[in-house]
Structures are given as structure tokens and as C-alpha cells.
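*Asks:* The following block contains the structure, expressed as C-alpha cells.
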Amino acid sequence: MPETTTDTSSNGFEPRIVAFFCNWCTYLAADLAGTSRMKYAPNARVIRVMCSGRVDPQFVLEALANGADGVLIGGCHPGDCHYQEGNYKALRRFKLLQRMVADLGVEEERLRLEWISAAEADRVRVVMDEMTDQLRRLGPFRHEEAVMAIAAQQPQEVPV
Amino acid sequence: MTDKPKVAFYWCASCGGCEEAVVDLAEELLGVAAAVDIVFWPVALDFKRADVEAMEDGEILATFVNGAIRTTEQEEMVHLLRKKSKVLVAFGACAQLGGIPGLANLWDREAIFERAYLTSPTTENPAGTVPLTDYAANGHRIQLPGFYDTVMSLDQVTQVDYAVPGCAPTPNLIAAAVGALLSGDLPPLGTVLAPDVALCSECDRRDTKPEDLHITAFKRPHEIIADDETCLLAQGLLCLGPATRAGCGAQCIGANMPCTGCFGPTSRVHDQGAKAASAIASLVGADDPAEIERILDGIPDPIGTFYRYGLPHSLMVRRRQDTVETTA
């Protein structure tokens with residue numbers, strides 16, 4: 001049992017992670033982790049994409065805007081992309097997206113990009129556990145609440 | 001009163017450029033003025049709020065609202081005009097997407113008041129006076145509209161029927177929108193009244209855009225003298241044409257300046273900034289993480305670049321308010 005699942009610092013909060021895994025590497029690694037009966041945090045909803053280069057930054061923001069507490073992108077190691085350079089495109093987009101969300105006050109732990117080959121099932125386990133643990137400590141993203149507050153926002157209080 | 005259809009114009013958090021754009025219709029304005037009764041237009045005509053309040057619901061055929069919503073008064077006026085109008089049009093980038101004023105969503109009221117009224121280098125305010133919504137002076141009470149923490153686009157406040165994009169909208173689009181309203185030949189509700197393709201498709205320089213583009217250094221317009229026939233992206237200028245709606249005739253590029261995205265996204269895009277960043281980042285000509293970072297350093301203000309006209313309308317809406325820093 002990984003120690004993260006016994007962490008009680010989060011008051012029972014279980015983060016929701018949306019994970020975009022590339023069809024050729026990370027998804028197969030997750031598959032292998034499953035068939036190898038590895039135990040890891042069940043907090044990620046895995047979405048299989050053909051390539052990490054398919055992950056539009058809009059997907060990441062859409063996930064956060066719709067209730068995700070963190071987004072994980074998994075692709076092939078540099079040089080191993082099934083489509084030659086899709087993972088490099090993912091890396092470039094990720095680097096720029098990181099800068100953008102930082103300016104919007106989103107904690108950097110909420111986004112993560114990992115290169116995980118089809119053989120690295122244990123890496124899936126470690127990353128899933130680590131990220132879940134970090135997000136537990138960080139707390140929920142609560143984007144919905146932030147947006148609702150805007151719709152119902154009040155002008156400044158009348159000072160005395 | 002005549003039987004001519006009634007039209008109103010209103011401005012919220014805006015610069016006045018959209019009002020200019022109406023006047024830019026030039027002699028076509030005479031045709032518009034002859035075909036309609038302008039019943040409310042604070043910048044040009046002396047009608048008051050009470051005149052609007054006295055109208056029947058739905059009496060105005062169309063109201064064109066420009067500017068974003070950031071005060072209680074703007075919100076009240078927008079609700080009033082919505083009630084009195086059959087058609088409500090978000091006119092210009094601020095009403096449609098939040099616009100330049102929407103970049104204030106990187107801060108909040110407290111931070112903005114502090115900067116504007118207390119700490120900016122040109123401010124002399126020893127008494128520390130900031131705007132109040134209610135103030136007593138000389139036996140009178142003075143009331144000002146309240147100021148919101150978050151700037152909103154028009155459709156975040158009320159139902160909007162159409163949008164005319166642009167900062168400011170171009171005369172061809174305004175004329176087409178007015179023509180469509182008067183003829184009653186209207187597209188489905190919610191339509192943005194401009195072509196639904198990217199600007200590159202109507203850019204004169206599109207044939208000079210390389211198939212495979214690798215940018216190894218982003219240049220800012222003041223740093224180079226751009227060739228006036230070649231694709232600006234190919235010259236390293238950050239042109240948002242690939243991720244911006246067409247319809248302006250690529251006027252900025254015609255003046256050798258890159259597109260900054262004022263026409264907003266096409267209908268297939270949910271988040272203009274993310275999509276634009278995606279398009280630009282994929283052109284970065286490096287595979288090494290450190291080299292990618294170095295090239296991205298050439299975009300010093302990514303939010304101000306990719307969300308210049310649309311932060312309130314974006315998926316994230318604003319900077320998370322609990323992370324806004326004040327300068328004090």
C-alpha cells in the first residue's frame with residue numbers, strides 16, 4: 001500500500017485528475033501497470049489520445065474549468081514519438097501553458113507532463129501517487145465556485 | 001415619433017473607439033440614420049435613462065452595446081436595454097469578450113484602486129482618497145456606481161443575440177449587421193457577424209507563410225523593420241492571424257503590424273488564448289527544454305498577448321482572486 005493513501009493531511013479531500021495518455025507509450029504503460037496488478041492512487045480519469053501532441057491546451061483548461069483539480073499529460077520519451085515529433089510539440093505547448101496558468105494564479109503542481117514509455121509501468125504508479133499526494137495537500141481547484149462568485153459578485157461595500 | 005425601427009447605442013467599459021467606428025461608416029451613416037430612429041446614444045444624442053425607462057418592453061428593434069461590464073451602473077443599464085430591445089448586439093471586442101479592460105481580471109478592485117489612486121508614480125493623494133459608492137458632502141449625499149472585482153463580457157450579464165467583433169468593428173461588418181437587422185434576414189441567434197475562418201485565409205501574405213515554420217526568436221515590432229510582403233510569423237513577429245477570426249481585411253498586417261487577435265476566436269474555438277498559444281508554441285523551433293524556455297522568454301507577457309481581448313470570456317475568466325498581489 002503506498003503511503004499516500006494513508007495521508008490524512010487533506011481532510012478526506014480526494015483530488016480529481018484528468019490524465020491524457022498517448023496511445024503508444026504512456027497508455028500502454030498504464031495498461032501494463034493494470035495487468036501487473038500494481039496498486040496506485042485511483043484519482044485519475046485516463047483519456048487516451050493518439051499522441052501527446054494531440055493535447056490542445058484548451059483540453060487542459062477545459063478540464064480545470066469543469067472540475068478537475070489537476071491535469072497530467074503522458075507521452076513518449078523524446079526521440080520515441082510514433083509521429084516523429086508530436087511529443088516535442090506537446091513539450092513546447094506545455095512550457096507556454098505553464099507560463100500562462102502561472103500568471104492566472106494556478107499552482108504549478110496542478111499541471112504535469114511526463115514521458116513514460118510502454119515498459120515503464122512502475123513510473124505510472126509513482127507519478128499517479130505523487131501527483132495525487134501533491135494535489136491532496138494543495139486542495140481542490142474550485143473553479144466552479146470562483147466563476148459563480150463572479151456571476152453573483154457584489155460591488156464594494158459602502159464604507160462608513 | 002415615426003414608424004421607423006428604433007435603434008440604440010450604449011457604451012460601458014470602453015474607450016470610445018467603437019463609437020468612432022459607427023461614425024467611420026462615413027456617408028453610409030446617412031443611409032442608416034434615414035432608415036432608423038436613434039432613440040438613445042449617450043455619446044452623441046441627449047436622451048436620458050428616463051427616456052429609455054419610459055419605453056415599452058421590446059420597443060427598440062436593436063441595441064448595440066460596446067464596452068465590458070465592470071460597474072453596477074453598466075450592469076443595470078444593460079438589463080434595462082435588454083428588456084426594451086428585441087435584439088441585443090455585443091458590439092466590439094469588449095462587449096463580446098471583455099476586451100482590453102478585461103485584462104484588469106489579472107487584479108481585483110483593491111489592487112486596482114491601490115495602484116490607480118495611491119501608488120502610481122504620478123499620483124499625489126496624501127489623504128488616501130479612493131472612490132466611494134456613497135459620500136456625504138455639504139449636506140448632500142453623492143452616490144457613485146459600485147466597481148466589481150471582475151470585468152465581465154456582455155453575455156456574462158445578460159442574454160446576447162449577436163456579436164459584431166473587433167477593436168473596433170470595421171465599417172463593412174457594421175454596415176452588414178445593420179443591413180441584416182433592417183431586412184430581418186438574420187442568422188441563428190448567437191452568431192458572430194463575421195466570417196467563420198481564420199484571418200490567414202484572407203491575408204494577402206498567406207502564400208509567403210512557410211509550410212513548416214520554426215521560430216527560433218520572437219521579435220517585437222519595434223525590434224525589426226519587417227519586410228512588407230512576407231508573412232509576419234515567418235519573420236518572427238507574433239502574429240495571431242492563425243487563431244483569430246477573419247473579417248477585418250487584415251488591416252493591421254496591411255500596415256505591417258502583426259494581428260493581435262481583436263476579432264476573437266472562430267466558432268470552433270472554446271478558448272482563444274489557449275488556442276493561440278497552442279498554434280504559436282508548436283512553431284517554436286527547438287526540442288531541448290532549456291532552448292524552448294529561452295525562445296519563450298521572447299513572449300514577455302503571455303496572458304496580455306494571447307488573451308489581450310478575451311480574458312473575461314476565457315475558460316479561466318480571471319486570475320484566481322486569492323492570488324492577486326497588491327503593491328503595498
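To be explicit about the labels: the chains of the C-alpha cells are called A, B, and onward in the order shown, and within each one the residues are counted from 1, while ligands get numbers from 1 in the order they are shown.
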Considering only C-alpha atoms, tabulate each residue of chain B that lies at most 9 Å from chain A along with its nearest interatomic pair and the corresponding distance in Å to one decimal; arrange the rows by chain and ascending residue number and present them as a tab-separated table.
*Replies:*
residue	atom	partner	partner_atom	distance
B:Thr71	CA	A:Pro155	CA	7.5
B:Thr72	CA	A:Pro155	CA	6.9
B:Leu106	CA	A:Leu104	CA	6.8
B:Arg109	CA	A:Gln156	CA	8.2
B:Leu132	CA	A:Val158	CA	6.9
B:Thr133	CA	A:Val158	CA	6.0
B:Asp134	CA	A:Val158	CA	6.3
B:Tyr135	CA	A:Pro159	CA	8.8
B:Pro145	CA	A:Pro155	CA	8.3
B:Gly146	CA	A:Pro155	CA	4.7
B:Phe147	CA	A:Pro155	CA	5.3
B:Tyr148	CA	A:Pro155	CA	5.1
B:Asp149	CA	A:Gln153	CA	7.6
B:Thr150	CA	A:Ile150	CA	6.5
B:Val151	CA	A:Ile150	CA	8.8
B:Met152	CA	A:Ile150	CA	8.4
B:Gln156	CA	A:Ala151	CA	7.3
B:Val157	CA	A:Ala151	CA	7.6
B:Val269	CA	A:Gln58	CA	8.5
B:His270	CA	A:Gln58	CA	7.1
B:Asp271	CA	A:Gln58	CA	6.2
B:Gln272	CA	A:Gln58	CA	8.7
B:Gly273	CA	A:Gln58	CA	8.6
B:Ala274	CA	A:Gln58	CA	5.4
B:Lys275	CA	A:Gln58	CA	6.4
B:Ala277	CA	A:Leu96	CA	7.0
B:Ser278	CA	A:Arg93	CA	5.6
B:Ala279	CA	A:Arg93	CA	8.4
B:Ile280	CA	A:Arg93	CA	8.3
B:Ala281	CA	A:Arg93	CA	5.1
B:Ser282	CA	A:Lys89	CA	5.2
B:Leu283	CA	A:Lys89	CA	8.2
B:Val284	CA	A:Arg92	CA	6.8
B:Ala286	CA	A:Arg92	CA	8.2
B:Asp287	CA	A:Tyr88	CA	5.8
B:Asp288	CA	A:Tyr88	CA	8.6
B:Pro289	CA	A:Leu91	CA	7.7
B:Ile292	CA	A:Arg92	CA	6.5
B:Glu293	CA	A:Lys95	CA	7.1
B:Leu296	CA	A:Leu96	CA	6.9
B:Asp301	CA	A:Met100	CA	8.6
B:Pro302	CA	A:Met100	CA	5.9
B:Ile303	CA	A:Met100	CA	5.9
B:Leu315	CA	A:Ala65	CA	6.2
B:Met316	CA	A:Ala65	CA	6.6
B:Val317	CA	A:Val147	CA	7.4
B:Arg318	CA	A:Leu104	CA	6.6
B:Arg319	CA	A:Leu104	CA	4.0
B:Arg320	CA	A:Gly105	CA	5.2
B:Gln321	CA	A:Gly105	CA	7.9
B:Asp322	CA	A:Gly105	CA	8.2
B:Thr323	CA	A:Gly105	CA	5.6
B:Val324	CA	A:Gly105	CA	7.6
*Asks:* Pull the alpha helix (DSSP H) assignments for segment 71-263 of chain B out of DSSP run on the backbone, and list those residues as a PyMOL selection string.
*Replies:* chain B and resi 72-84+93-97+109-113+171-183+251-254
*Asks:* Nearest to Val18 of chain A: which of A:Ala41, A:Leu138, A:Met131, A:Val71 is it, counting only C-alpha atoms?
*Replies:*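 Once distances to Val18 of chain A are computed over only C-alpha atoms, the minimum belongs to A:Val71.
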*Asks:* Quick one: pull the distance between atom CA of Ile73 of chain A and atom CA of Cys22 of chain A, Å, one decimal.
*Replies:*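 That distance, rounded to one decimal, is 8.2 Å.
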*Asks:* Atom CA of Glu110 of chain B and atom CA of Pro126 of chain B, how far apart in Å?
*Replies:*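 Between atom CA of Pro126 of chain B and atom CA of Glu110 of chain B the gap is 17.7 Å.
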*Asks:* So, with only C-alpha atoms as the atoms that count, which of A:Cys76, A:Ala118, A:Val127, A:Leu28 lies closest to Ala44 of chain A?
*Replies:* A:Val127
*Asks:* Just to confirm, what's the straight-line distance from atom CA of Thr244 of chain B to atom CA of Glu229 of chain B in Å (one decimal)?
*Replies:* 20.0 Å
*Asks:* So that I can check the secondary structure, give me every residue of segment 75-106 of chain B assigned strand (DSSP E or B) by backbone DSSP, as an MDAnalysis selection string.
*Replies:* chainID B and resid 85:91
*Asks:* Taking into account only C-alpha atoms, which residue in the set B:Ser85, B:Gln143, B:Asn172, B:Asn138 is nearest to Val22 of chain B?
*Replies:*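 Of B:Ser85, B:Gln143, B:Asn172, B:Asn138, the one nearest Val22 of chain B, counting only C-alpha atoms, is B:Asn172.
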*Asks:* Which residues, written as a PyMOL selection string, have at least one atom at most 6 Å from Gly75 of chain A, with only C-alpha atoms counted and residues fewer than 5 positions away on the same chain left out?
*Replies:* chain A and resi 22+26+52+115
*Asks:* Just C-alpha atoms for this one: save the residues we selected as a PDB file, in the first residue's frame.
*Replies:*
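Below you can see selection-v6.pdb, which holds the result:
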ATOM      1  CA  CYS A  22      -0.558   8.800 -25.530  1.00  0.00           C
ATOM      2  CA  THR A  26       2.007   6.021 -21.547  1.00  0.00           C
ATOM      3  CA  SER A  52       0.623  13.823 -26.565  1.00  0.00           C
ATOM      4  CA  TRP A 115       7.488  10.943 -20.550  1.00  0.00           C
TER       5      TRP A 115
END
*Asks:* Taking 2 positions as the minimum chain separation for residues in the same chain, which residues sit within 7 Å of Ile69 of chain B when counting only C-alpha atoms? Answer as an MDAnalysis selection string.
*Replies:* chainID B and resid 12:13 67 71 74:75 151:154
